[in-house]
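So this block is my_file36.txt, compact mmCIF, N, CA and C atoms:
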# COMPACT_ATOMS: atom_id res chain seq x y z
N MET A 115 92.97 -61.35 10.40
CA MET A 115 92.82 -61.13 11.82
C MET A 115 93.30 -59.74 12.21
N ASN A 116 94.34 -59.30 11.58
CA ASN A 116 94.89 -58.00 11.85
C ASN A 116 93.87 -56.90 11.55
N LYS A 117 93.11 -57.08 10.45
CA LYS A 117 92.08 -56.11 10.06
C LYS A 117 90.95 -56.11 11.09
N MET A 118 90.54 -57.26 11.60
CA MET A 118 89.47 -57.37 12.60
C MET A 118 89.91 -56.71 13.92
N LYS A 119 91.17 -56.88 14.26
CA LYS A 119 91.69 -56.30 15.48
C LYS A 119 91.65 -54.77 15.39
N LYS A 120 92.00 -54.21 14.24
CA LYS A 120 91.97 -52.76 14.03
C LYS A 120 90.53 -52.25 14.15
N ILE A 121 89.57 -52.95 13.55
CA ILE A 121 88.16 -52.54 13.61
C ILE A 121 87.68 -52.56 15.06
N GLY A 122 88.06 -53.59 15.82
CA GLY A 122 87.68 -53.69 17.23
C GLY A 122 88.23 -52.54 18.05
N ILE A 123 89.48 -52.19 17.79
CA ILE A 123 90.10 -51.07 18.51
C ILE A 123 89.42 -49.76 18.16
N ILE A 124 89.09 -49.58 16.90
CA ILE A 124 88.39 -48.35 16.46
C ILE A 124 87.01 -48.27 17.12
N LEU A 125 86.26 -49.38 17.13
CA LEU A 125 84.94 -49.40 17.76
C LEU A 125 85.03 -49.11 19.26
N LEU A 126 86.00 -49.68 19.91
CA LEU A 126 86.20 -49.43 21.33
C LEU A 126 86.50 -47.94 21.58
N GLY A 127 87.32 -47.34 20.73
CA GLY A 127 87.62 -45.92 20.84
C GLY A 127 86.38 -45.06 20.66
N VAL A 128 85.55 -45.42 19.67
CA VAL A 128 84.31 -44.67 19.43
C VAL A 128 83.39 -44.77 20.64
N ILE A 129 83.27 -45.96 21.20
CA ILE A 129 82.42 -46.16 22.38
C ILE A 129 82.92 -45.31 23.55
N ILE A 130 84.22 -45.30 23.76
CA ILE A 130 84.80 -44.51 24.86
C ILE A 130 84.54 -43.03 24.64
N ILE A 131 84.75 -42.55 23.44
CA ILE A 131 84.54 -41.12 23.13
C ILE A 131 83.07 -40.75 23.33
N LEU A 132 82.15 -41.59 22.84
CA LEU A 132 80.72 -41.31 23.01
C LEU A 132 80.33 -41.30 24.49
N SER A 133 80.86 -42.24 25.26
CA SER A 133 80.57 -42.30 26.70
C SER A 133 81.04 -41.04 27.40
N LEU A 134 82.25 -40.60 27.09
CA LEU A 134 82.77 -39.37 27.69
C LEU A 134 81.94 -38.16 27.27
N ALA A 135 81.51 -38.12 26.02
CA ALA A 135 80.68 -37.01 25.54
C ALA A 135 79.35 -36.96 26.30
N VAL A 136 78.74 -38.12 26.52
CA VAL A 136 77.47 -38.17 27.26
C VAL A 136 77.68 -37.70 28.70
N LEU A 137 78.73 -38.15 29.36
CA LEU A 137 79.03 -37.72 30.73
C LEU A 137 79.26 -36.21 30.81
N LEU A 138 79.99 -35.68 29.87
CA LEU A 138 80.24 -34.24 29.83
C LEU A 138 78.95 -33.47 29.62
N TRP A 139 78.11 -33.93 28.71
CA TRP A 139 76.83 -33.28 28.43
C TRP A 139 75.95 -33.27 29.67
N ARG A 140 75.88 -34.40 30.37
CA ARG A 140 75.05 -34.49 31.58
C ARG A 140 75.57 -33.57 32.67
N SER A 141 76.87 -33.48 32.84
CA SER A 141 77.42 -32.64 33.90
C SER A 141 77.18 -31.16 33.63
N GLN A 142 77.12 -30.77 32.37
CA GLN A 142 76.85 -29.37 32.04
C GLN A 142 75.36 -29.06 32.13
N LYS A 143 74.52 -30.06 31.91
CA LYS A 143 73.08 -29.84 31.91
C LYS A 143 72.51 -29.68 33.31
N SER A 144 72.96 -30.49 34.28
CA SER A 144 72.42 -30.39 35.63
C SER A 144 73.49 -29.89 36.58
N PRO A 145 73.10 -28.97 37.48
CA PRO A 145 74.08 -28.45 38.42
C PRO A 145 74.53 -29.52 39.40
N SER A 146 75.67 -29.30 40.02
CA SER A 146 76.17 -30.26 40.99
C SER A 146 75.25 -30.32 42.20
N SER A 147 75.36 -31.36 42.98
CA SER A 147 74.50 -31.49 44.16
C SER A 147 74.78 -30.37 45.15
N ALA A 148 75.99 -29.88 45.20
CA ALA A 148 76.29 -28.77 46.10
C ALA A 148 75.51 -27.53 45.69
N THR A 149 75.44 -27.27 44.41
CA THR A 149 74.68 -26.10 43.93
C THR A 149 73.20 -26.30 44.18
N LYS A 150 72.69 -27.49 43.92
CA LYS A 150 71.26 -27.75 44.14
C LYS A 150 70.89 -27.48 45.58
N GLY A 151 71.73 -27.88 46.53
CA GLY A 151 71.43 -27.71 47.94
C GLY A 151 71.65 -26.29 48.43
N THR A 152 72.64 -25.62 47.93
CA THR A 152 73.02 -24.30 48.42
C THR A 152 72.05 -23.22 47.96
N VAL A 153 71.66 -23.21 46.70
CA VAL A 153 70.80 -22.14 46.17
C VAL A 153 69.44 -22.13 46.87
N PRO A 154 68.72 -23.25 46.95
CA PRO A 154 67.43 -23.21 47.66
C PRO A 154 67.58 -22.81 49.13
N PHE A 155 68.63 -23.29 49.80
CA PHE A 155 68.81 -22.93 51.20
C PHE A 155 69.03 -21.43 51.35
N ALA A 156 69.84 -20.86 50.48
CA ALA A 156 70.07 -19.41 50.53
C ALA A 156 68.75 -18.66 50.33
N GLN A 157 67.90 -19.16 49.43
CA GLN A 157 66.60 -18.54 49.21
C GLN A 157 65.71 -18.73 50.43
N ALA A 158 65.74 -19.92 51.02
CA ALA A 158 64.89 -20.22 52.18
C ALA A 158 65.26 -19.35 53.38
N GLN A 159 66.50 -18.97 53.49
CA GLN A 159 66.91 -18.11 54.60
C GLN A 159 66.20 -16.76 54.56
N ARG A 160 65.69 -16.39 53.39
CA ARG A 160 64.91 -15.15 53.25
C ARG A 160 63.59 -15.22 54.02
N LEU A 161 63.17 -16.44 54.41
CA LEU A 161 61.95 -16.58 55.20
C LEU A 161 62.10 -16.00 56.59
N GLU A 162 63.33 -15.96 57.10
CA GLU A 162 63.55 -15.51 58.47
C GLU A 162 63.10 -14.07 58.65
N GLY A 163 62.40 -13.84 59.74
CA GLY A 163 61.91 -12.50 60.05
C GLY A 163 60.52 -12.54 60.63
N GLN A 164 59.94 -11.36 60.76
CA GLN A 164 58.58 -11.23 61.28
C GLN A 164 57.65 -10.86 60.14
N TRP A 165 56.48 -11.48 60.15
CA TRP A 165 55.50 -11.31 59.08
C TRP A 165 54.15 -10.99 59.69
N VAL A 166 53.36 -10.16 59.01
CA VAL A 166 52.02 -9.84 59.48
C VAL A 166 51.01 -10.15 58.37
N ARG A 167 49.90 -10.79 58.78
CA ARG A 167 48.85 -11.12 57.82
C ARG A 167 47.99 -9.88 57.59
N LEU A 168 47.71 -9.59 56.32
CA LEU A 168 47.02 -8.36 55.95
C LEU A 168 45.61 -8.24 56.51
N ASP A 169 44.93 -9.34 56.71
CA ASP A 169 43.51 -9.29 57.06
C ASP A 169 43.23 -9.46 58.55
N GLY A 170 44.12 -9.03 59.41
CA GLY A 170 43.78 -9.15 60.82
C GLY A 170 44.92 -8.98 61.80
N GLY A 171 46.10 -8.73 61.33
CA GLY A 171 47.20 -8.49 62.24
C GLY A 171 47.83 -9.74 62.85
N TYR A 172 47.45 -10.92 62.37
CA TYR A 172 48.07 -12.15 62.86
C TYR A 172 49.56 -12.08 62.51
N ARG A 173 50.39 -12.51 63.46
CA ARG A 173 51.83 -12.36 63.27
C ARG A 173 52.52 -13.72 63.24
N LEU A 174 53.45 -13.86 62.31
CA LEU A 174 54.24 -15.08 62.14
C LEU A 174 55.72 -14.69 62.25
N VAL A 175 56.44 -15.41 63.11
CA VAL A 175 57.88 -15.16 63.28
C VAL A 175 58.61 -16.43 62.84
N ILE A 176 59.54 -16.28 61.91
CA ILE A 176 60.31 -17.42 61.40
C ILE A 176 61.77 -17.21 61.74
N GLU A 177 62.36 -18.26 62.34
CA GLU A 177 63.76 -18.21 62.76
C GLU A 177 64.42 -19.55 62.45
N ASP A 178 65.72 -19.57 62.52
CA ASP A 178 66.51 -20.79 62.50
C ASP A 178 66.19 -21.71 61.31
N VAL A 179 66.15 -21.14 60.11
CA VAL A 179 65.92 -21.93 58.89
C VAL A 179 67.17 -22.77 58.64
N LYS A 180 66.96 -24.08 58.45
CA LYS A 180 68.09 -25.00 58.27
C LYS A 180 68.02 -25.69 56.91
N PRO A 181 69.17 -26.16 56.41
CA PRO A 181 69.21 -26.80 55.09
C PRO A 181 68.37 -28.07 54.98
N ASP A 182 68.06 -28.72 56.11
CA ASP A 182 67.27 -29.96 56.06
C ASP A 182 65.77 -29.73 55.91
N GLY A 183 65.36 -28.46 55.79
CA GLY A 183 63.94 -28.14 55.61
C GLY A 183 63.24 -27.76 56.91
N SER A 184 63.96 -27.80 58.01
CA SER A 184 63.34 -27.43 59.29
C SER A 184 63.49 -25.93 59.53
N LEU A 185 62.67 -25.41 60.42
CA LEU A 185 62.73 -24.03 60.84
C LEU A 185 61.93 -23.90 62.13
N LYS A 186 62.09 -22.79 62.80
CA LYS A 186 61.31 -22.50 64.00
C LYS A 186 60.31 -21.41 63.65
N ALA A 187 59.03 -21.71 63.87
CA ALA A 187 57.98 -20.73 63.59
C ALA A 187 57.19 -20.46 64.87
N SER A 188 56.85 -19.20 65.10
CA SER A 188 55.99 -18.79 66.20
C SER A 188 54.83 -18.02 65.59
N TYR A 189 53.63 -18.20 66.18
CA TYR A 189 52.42 -17.59 65.63
C TYR A 189 51.69 -16.88 66.77
N PHE A 190 51.18 -15.68 66.47
CA PHE A 190 50.52 -14.88 67.49
C PHE A 190 49.18 -14.35 66.99
N ASN A 191 48.12 -14.40 67.88
CA ASN A 191 46.79 -13.90 67.53
C ASN A 191 46.04 -13.41 68.76
N PRO A 192 46.25 -12.34 69.40
CA PRO A 192 47.54 -11.67 69.51
C PRO A 192 48.49 -12.43 70.43
N LYS A 193 47.93 -13.37 71.27
CA LYS A 193 48.79 -14.18 72.14
C LYS A 193 49.41 -15.31 71.34
N LYS A 194 50.46 -15.89 71.89
CA LYS A 194 51.17 -16.96 71.21
C LYS A 194 50.29 -18.21 71.10
N ILE A 195 50.27 -18.79 69.89
CA ILE A 195 49.55 -20.03 69.58
C ILE A 195 50.61 -21.10 69.30
N ASN A 196 50.42 -22.29 69.83
CA ASN A 196 51.40 -23.36 69.65
C ASN A 196 51.50 -23.79 68.18
N VAL A 197 52.73 -23.83 67.68
CA VAL A 197 53.02 -24.33 66.34
C VAL A 197 53.56 -25.75 66.52
N SER A 198 52.83 -26.75 65.97
CA SER A 198 53.26 -28.14 66.16
C SER A 198 54.19 -28.62 65.05
N ILE A 199 54.03 -28.10 63.85
CA ILE A 199 54.86 -28.49 62.71
C ILE A 199 55.20 -27.25 61.91
N SER A 200 56.47 -27.14 61.50
CA SER A 200 56.86 -26.05 60.59
C SER A 200 58.05 -26.53 59.78
N ASN A 201 57.95 -26.36 58.46
CA ASN A 201 59.05 -26.77 57.58
C ASN A 201 58.96 -26.05 56.24
N TRP A 202 60.03 -26.19 55.46
CA TRP A 202 60.07 -25.60 54.12
C TRP A 202 60.60 -26.63 53.14
N LYS A 203 60.28 -26.41 51.86
CA LYS A 203 60.81 -27.25 50.78
C LYS A 203 60.80 -26.44 49.50
N VAL A 204 61.53 -26.94 48.50
CA VAL A 204 61.54 -26.32 47.18
C VAL A 204 60.66 -27.17 46.27
N GLU A 205 59.73 -26.50 45.60
CA GLU A 205 58.86 -27.17 44.64
C GLU A 205 58.54 -26.16 43.54
N ASP A 206 58.66 -26.59 42.30
CA ASP A 206 58.42 -25.70 41.16
C ASP A 206 59.26 -24.42 41.24
N ASN A 207 60.51 -24.57 41.69
CA ASN A 207 61.45 -23.46 41.80
C ASN A 207 61.00 -22.37 42.77
N ARG A 208 60.15 -22.71 43.71
CA ARG A 208 59.68 -21.75 44.72
C ARG A 208 59.86 -22.37 46.11
N ILE A 209 60.02 -21.52 47.09
CA ILE A 209 60.11 -21.96 48.48
C ILE A 209 58.69 -22.09 49.03
N HIS A 210 58.36 -23.29 49.50
CA HIS A 210 57.04 -23.57 50.09
C HIS A 210 57.22 -23.73 51.60
N LEU A 211 56.30 -23.17 52.34
CA LEU A 211 56.33 -23.19 53.80
C LEU A 211 55.06 -23.84 54.31
N SER A 212 55.20 -24.78 55.25
CA SER A 212 54.03 -25.44 55.86
C SER A 212 54.09 -25.23 57.36
N ILE A 213 52.94 -24.83 57.92
CA ILE A 213 52.84 -24.60 59.36
C ILE A 213 51.53 -25.21 59.85
N GLU A 214 51.62 -25.97 60.92
CA GLU A 214 50.41 -26.52 61.54
C GLU A 214 50.33 -26.00 62.97
N LEU A 215 49.12 -25.53 63.32
CA LEU A 215 48.87 -25.00 64.66
C LEU A 215 48.11 -26.06 65.47
N ARG A 216 48.50 -26.25 66.72
CA ARG A 216 47.82 -27.18 67.64
C ARG A 216 47.68 -26.47 68.98
N ASP A 217 46.49 -25.91 69.21
CA ASP A 217 46.25 -25.17 70.45
C ASP A 217 44.75 -25.03 70.62
N THR A 218 44.32 -24.43 71.72
CA THR A 218 42.90 -24.16 71.94
C THR A 218 42.37 -23.33 70.77
N ASN A 219 41.28 -23.78 70.18
CA ASN A 219 40.67 -23.15 69.00
C ASN A 219 41.49 -23.31 67.72
N TYR A 220 42.57 -24.04 67.78
CA TYR A 220 43.43 -24.28 66.62
C TYR A 220 43.81 -25.77 66.55
N PRO A 221 42.83 -26.66 66.42
CA PRO A 221 43.13 -28.10 66.44
C PRO A 221 43.56 -28.63 65.06
N GLY A 222 44.73 -28.19 64.61
CA GLY A 222 45.21 -28.65 63.31
C GLY A 222 44.98 -27.68 62.18
N SER A 223 44.79 -26.41 62.50
CA SER A 223 44.70 -25.39 61.45
C SER A 223 46.07 -25.29 60.78
N THR A 224 46.07 -25.03 59.47
CA THR A 224 47.34 -25.04 58.74
C THR A 224 47.48 -23.83 57.82
N TYR A 225 48.75 -23.45 57.64
CA TYR A 225 49.13 -22.49 56.61
C TYR A 225 49.95 -23.23 55.57
N THR A 226 49.61 -23.05 54.32
CA THR A 226 50.40 -23.56 53.19
C THR A 226 50.77 -22.33 52.37
N LEU A 227 52.05 -21.96 52.44
CA LEU A 227 52.49 -20.68 51.89
C LEU A 227 53.60 -20.84 50.87
N ILE A 228 53.71 -19.87 49.99
CA ILE A 228 54.80 -19.79 49.01
C ILE A 228 55.47 -18.44 49.21
N TYR A 229 56.80 -18.47 49.24
CA TYR A 229 57.55 -17.22 49.32
C TYR A 229 57.71 -16.66 47.92
N VAL A 230 57.22 -15.44 47.72
CA VAL A 230 57.35 -14.74 46.43
C VAL A 230 58.49 -13.75 46.56
N ASN A 231 59.65 -14.16 46.08
CA ASN A 231 60.88 -13.39 46.23
C ASN A 231 60.76 -11.99 45.61
N GLU A 232 60.15 -11.89 44.45
CA GLU A 232 60.06 -10.62 43.74
C GLU A 232 59.30 -9.56 44.54
N GLN A 233 58.36 -9.99 45.38
CA GLN A 233 57.55 -9.06 46.18
C GLN A 233 57.89 -9.13 47.67
N ASP A 234 58.73 -10.09 48.05
CA ASP A 234 59.08 -10.33 49.46
C ASP A 234 57.82 -10.49 50.30
N VAL A 235 56.94 -11.41 49.86
CA VAL A 235 55.71 -11.72 50.59
C VAL A 235 55.54 -13.24 50.70
N LEU A 236 54.73 -13.64 51.67
CA LEU A 236 54.29 -15.02 51.79
C LEU A 236 52.83 -15.04 51.38
N THR A 237 52.48 -15.88 50.44
CA THR A 237 51.10 -15.94 49.98
C THR A 237 50.65 -17.40 49.93
N GLY A 238 49.38 -17.62 50.13
CA GLY A 238 48.89 -19.00 50.09
C GLY A 238 47.52 -19.13 50.72
N VAL A 239 47.34 -20.24 51.45
CA VAL A 239 46.03 -20.52 52.04
C VAL A 239 46.16 -20.85 53.52
N TYR A 240 45.10 -20.51 54.24
CA TYR A 240 44.96 -20.85 55.65
C TYR A 240 43.74 -21.75 55.77
N PHE A 241 43.93 -22.94 56.32
CA PHE A 241 42.81 -23.85 56.59
C PHE A 241 42.45 -23.71 58.05
N GLN A 242 41.25 -23.20 58.32
CA GLN A 242 40.75 -23.03 59.68
C GLN A 242 40.02 -24.32 60.05
N ALA A 243 40.66 -25.13 60.91
CA ALA A 243 40.16 -26.48 61.20
C ALA A 243 38.81 -26.51 61.90
N VAL A 244 38.54 -25.56 62.81
CA VAL A 244 37.26 -25.55 63.53
C VAL A 244 36.11 -25.33 62.56
N GLU A 245 36.23 -24.34 61.69
CA GLU A 245 35.19 -24.01 60.71
C GLU A 245 35.26 -24.88 59.46
N LYS A 246 36.38 -25.60 59.29
CA LYS A 246 36.64 -26.40 58.09
C LYS A 246 36.53 -25.54 56.82
N GLN A 247 37.14 -24.35 56.90
CA GLN A 247 37.13 -23.43 55.76
C GLN A 247 38.56 -23.04 55.40
N THR A 248 38.75 -22.75 54.12
CA THR A 248 40.06 -22.35 53.61
C THR A 248 39.98 -20.91 53.11
N TYR A 249 40.98 -20.12 53.46
CA TYR A 249 41.03 -18.72 53.09
C TYR A 249 42.32 -18.41 52.34
N SER A 250 42.25 -17.59 51.32
CA SER A 250 43.45 -17.08 50.66
C SER A 250 44.00 -15.95 51.51
N ILE A 251 45.30 -16.00 51.78
CA ILE A 251 45.90 -15.00 52.67
C ILE A 251 47.25 -14.55 52.13
N LYS A 252 47.75 -13.47 52.73
CA LYS A 252 49.06 -12.95 52.37
C LYS A 252 49.70 -12.36 53.62
N PHE A 253 50.99 -12.64 53.79
CA PHE A 253 51.77 -12.06 54.87
C PHE A 253 52.79 -11.10 54.28
N LEU A 254 52.91 -9.92 54.89
CA LEU A 254 53.94 -8.95 54.53
C LEU A 254 55.03 -8.98 55.59
N ARG A 255 56.25 -8.76 55.17
CA ARG A 255 57.37 -8.71 56.11
C ARG A 255 57.28 -7.43 56.94
N ILE A 256 57.51 -7.58 58.24
CA ILE A 256 57.60 -6.42 59.13
C ILE A 256 59.06 -5.96 59.10
N PRO A 257 59.33 -4.73 58.72
CA PRO A 257 60.72 -4.26 58.68
C PRO A 257 61.41 -4.41 60.04
N GLU A 258 62.70 -4.74 60.03
CA GLU A 258 63.45 -4.88 61.27
C GLU A 258 63.33 -3.60 62.09
N GLY A 259 63.19 -3.78 63.40
CA GLY A 259 63.07 -2.64 64.29
C GLY A 259 61.62 -2.23 64.55
N GLN A 260 60.69 -2.76 63.76
CA GLN A 260 59.27 -2.48 63.96
C GLN A 260 58.61 -3.77 64.45
N ASN A 261 57.76 -3.65 65.43
CA ASN A 261 57.05 -4.83 65.92
C ASN A 261 55.60 -4.55 65.86
Could you write out this structure as structure tokens?
Amino acid sequence: MNKMKKIGIILLGVIIILSLAVLLWRSQKSPSSATKGTVPFAQAQRLEGQWVRLDGGYRLVIEDVKPDGSLKASYFNPKKINVSISNWKVEDNRIHLSIELRDTNYPGSTYTLIYVNEQDVLTGVYFQAVEKQTYSIKFLRIPEGQN
């Protein structure tokens, strides 16, 4: 019985050591939830500012980016167009921006954009709801002090 008790204690020790090793490995492999939330939000804050679309002077203003994925977006062509939905999310390690317009001549037109940090541009597609057509577009940041 003494020999069986020793084997049981040894097996229990091995199980505990293996469990701790697995927990340690997992904690080193994936960042903490604080890091997961902070890094994308810091990147998303780069969306804030004024942007101009290359093919027509359409202007997008992004403000008040929040960690929950919300933001305030304003759109101008050249007058202000109502923005009904605007938000951001992280997908494939990139910041994605969605904007829906609801106004005269804009009954659900949408922008689906990706922020390209290396170039400081917004690129993606514009769905023009009236024509039911999709266009590839790009927005450049307007430097502060220039409108």
Practice problem: Name the closest residue to Ile251 in chain A among the candidates A:Leu161, A:Met118, A:Leu168, A:Val197; distances are taken between atoms, counting all atoms listed in the file. | Solution: A:Leu168
Quiz prompt | Atomic separation - atom N of Ala243 in chain A relative to CA of Arg216 in chain A, Å | solution =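 Value for the CA of Arg216 in chain A-atom N of Ala243 in chain A distance: 10.0 Å.
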Quiz item: Could you pull out the strand (DSSP E) residues of range 139-259 of chain A from DSSP and send them as a PyMOL selection string?
Solution: chain A and resi 163-167+173-177+186-190+194-195+197-205+208-217+220-230+235-242+247-256
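Closest approach to Lys180 in chain A from the set A:Val239, A:Asp206, A:Gln164, A:Gln157 is made by A:Gln157, with distances taken over only C-alpha atoms.
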Quiz item: Could you state the separation of atom N of Leu227 in chain A and atom N of Ser212 in chain A in Å, given to one decimal place?
Solution: 5.1 Å
Quiz item: So what do you get for atom C of Tyr249 in chain A versus CA of Leu236 in chain A, distance-wise?
Solution: 12.5 Å
So that all listed atoms of range 250-255 of chain A fit with 5 Å spare on each side, what axis-aligned box centre and edge lengths in Å, to one decimal, would you give as lines of an AutoDock Vina configuration file?
center_x = 49.8
center_y = -12.5
center_z = 53.8
size_x = 25.1
size_y = 20.2
size_z = 16.3
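Taking only C-alpha atoms, the non-local environment of Ser223 in chain A within 12 Å (same-chain residues fewer than 4 positions away omitted) comprises A:Tyr189, A:Ile195, A:Asn196, A:Val197, A:Ser198, A:Ile199, A:Ser212, A:Ile213, A:Glu214, A:Leu215, A:Arg216, A:Asp217, A:Thr218, A:Asn219, A:Val239, A:Tyr240, A:Phe241, A:Gln242, A:Ala243, A:Val244, A:Glu245, A:Lys246, A:Gln247, A:Thr248, A:Tyr249.
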Hey, what's within 12 Å of Ala158 in chain A if we count only C-alpha atoms and toss same-chain stuff fewer than 5 positions away? As a short mmCIF file (atom, residue, chain, number, x, y, z; two decimals) with N, CA and C atoms, in the frame of the given file, please?
data_model
loop_
_atom_site.label_atom_id
_atom_site.label_comp_id
_atom_site.auth_asym_id
_atom_site.auth_seq_id
_atom_site.Cartn_x
_atom_site.Cartn_y
_atom_site.Cartn_z
N GLY A 151 71.73 -27.88 46.53
CA GLY A 151 71.43 -27.71 47.94
C GLY A 151 71.65 -26.29 48.43
N THR A 152 72.64 -25.62 47.93
CA THR A 152 73.02 -24.30 48.42
C THR A 152 72.05 -23.22 47.96
N VAL A 153 71.66 -23.21 46.70
CA VAL A 153 70.80 -22.14 46.17
C VAL A 153 69.44 -22.13 46.87
N GLY A 163 62.40 -13.84 59.74
CA GLY A 163 61.91 -12.50 60.05
C GLY A 163 60.52 -12.54 60.63
N ILE A 176 59.54 -16.28 61.91
CA ILE A 176 60.31 -17.42 61.40
C ILE A 176 61.77 -17.21 61.74
N GLU A 177 62.36 -18.26 62.34
CA GLU A 177 63.76 -18.21 62.76
C GLU A 177 64.42 -19.55 62.45
N ASP A 178 65.72 -19.57 62.52
CA ASP A 178 66.51 -20.79 62.50
C ASP A 178 66.19 -21.71 61.31
N VAL A 179 66.15 -21.14 60.11
CA VAL A 179 65.92 -21.93 58.89
C VAL A 179 67.17 -22.77 58.64
N LYS A 180 66.96 -24.08 58.45
CA LYS A 180 68.09 -25.00 58.27
C LYS A 180 68.02 -25.69 56.91
N PRO A 181 69.17 -26.16 56.41
CA PRO A 181 69.21 -26.80 55.09
C PRO A 181 68.37 -28.07 54.98
N ASP A 182 68.06 -28.72 56.11
CA ASP A 182 67.27 -29.96 56.06
C ASP A 182 65.77 -29.73 55.91
N GLY A 183 65.36 -28.46 55.79
CA GLY A 183 63.94 -28.14 55.61
C GLY A 183 63.24 -27.76 56.91
N SER A 184 63.96 -27.80 58.01
CA SER A 184 63.34 -27.43 59.29
C SER A 184 63.49 -25.93 59.53
N LEU A 185 62.67 -25.41 60.42
CA LEU A 185 62.73 -24.03 60.84
C LEU A 185 61.93 -23.90 62.13
N ASN A 201 57.95 -26.36 58.46
CA ASN A 201 59.05 -26.77 57.58
C ASN A 201 58.96 -26.05 56.24
N TRP A 202 60.03 -26.19 55.46
CA TRP A 202 60.07 -25.60 54.12
C TRP A 202 60.60 -26.63 53.14
N LYS A 203 60.28 -26.41 51.86
CA LYS A 203 60.81 -27.25 50.78
C LYS A 203 60.80 -26.44 49.50
N VAL A 204 61.53 -26.94 48.50
CA VAL A 204 61.54 -26.32 47.18
C VAL A 204 60.66 -27.17 46.27
N GLU A 205 59.73 -26.50 45.60
CA GLU A 205 58.86 -27.17 44.64
C GLU A 205 58.54 -26.16 43.54
N ASN A 207 60.51 -24.57 41.69
CA ASN A 207 61.45 -23.46 41.80
C ASN A 207 61.00 -22.37 42.77
N ARG A 208 60.15 -22.71 43.71
CA ARG A 208 59.68 -21.75 44.72
C ARG A 208 59.86 -22.37 46.11
N ILE A 209 60.02 -21.52 47.09
CA ILE A 209 60.11 -21.96 48.48
C ILE A 209 58.69 -22.09 49.03
N HIS A 210 58.36 -23.29 49.50
CA HIS A 210 57.04 -23.57 50.09
C HIS A 210 57.22 -23.73 51.60
N LEU A 211 56.30 -23.17 52.34
CA LEU A 211 56.33 -23.19 53.80
C LEU A 211 55.06 -23.84 54.31
N ILE A 228 53.71 -19.87 49.99
CA ILE A 228 54.80 -19.79 49.01
C ILE A 228 55.47 -18.44 49.21
N TYR A 229 56.80 -18.47 49.24
CA TYR A 229 57.55 -17.22 49.32
C TYR A 229 57.71 -16.66 47.92
N VAL A 230 57.22 -15.44 47.72
CA VAL A 230 57.35 -14.74 46.43
C VAL A 230 58.49 -13.75 46.56
N ASN A 231 59.65 -14.16 46.08
CA ASN A 231 60.88 -13.39 46.23
C ASN A 231 60.76 -11.99 45.61
N ASP A 234 58.73 -10.09 48.05
CA ASP A 234 59.08 -10.33 49.46
C ASP A 234 57.82 -10.49 50.30
N LEU A 236 54.73 -13.64 51.67
CA LEU A 236 54.29 -15.02 51.79
C LEU A 236 52.83 -15.04 51.38
#
Quiz prompt | DSSP helix (DSSP H, G or I) residues within range 154-192 of chain A, as a ChimeraX atom specification | solution = /A:154-161
Please save N, CA and C atoms of the selected residues as a compact mmCIF listing (two decimals), in the coordinates of the input.
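Result saved to part00.txt:
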# COMPACT_ATOMS: atom_id res chain seq x y z
N PRO A 154 68.72 -23.25 46.95
CA PRO A 154 67.43 -23.21 47.66
C PRO A 154 67.58 -22.81 49.13
N PHE A 155 68.63 -23.29 49.80
CA PHE A 155 68.81 -22.93 51.20
C PHE A 155 69.03 -21.43 51.35
N ALA A 156 69.84 -20.86 50.48
CA ALA A 156 70.07 -19.41 50.53
C ALA A 156 68.75 -18.66 50.33
N GLN A 157 67.90 -19.16 49.43
CA GLN A 157 66.60 -18.54 49.21
C GLN A 157 65.71 -18.73 50.43
N ALA A 158 65.74 -19.92 51.02
CA ALA A 158 64.89 -20.22 52.18
C ALA A 158 65.26 -19.35 53.38
N GLN A 159 66.50 -18.97 53.49
CA GLN A 159 66.91 -18.11 54.60
C GLN A 159 66.20 -16.76 54.56
N ARG A 160 65.69 -16.39 53.39
CA ARG A 160 64.91 -15.15 53.25
C ARG A 160 63.59 -15.22 54.02
N LEU A 161 63.17 -16.44 54.41
CA LEU A 161 61.95 -16.58 55.20
C LEU A 161 62.10 -16.00 56.59
Quiz item: Out of A:Lys186, A:Lys194, A:Arg173, A:Arg167, which residue has the shortest atom-to-atom distance to Phe253 in chain A when counting only N, CA and C atoms?
Solution: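 Nearest candidate to Phe253 in chain A out of A:Lys186, A:Lys194, A:Arg173, A:Arg167: A:Arg167.
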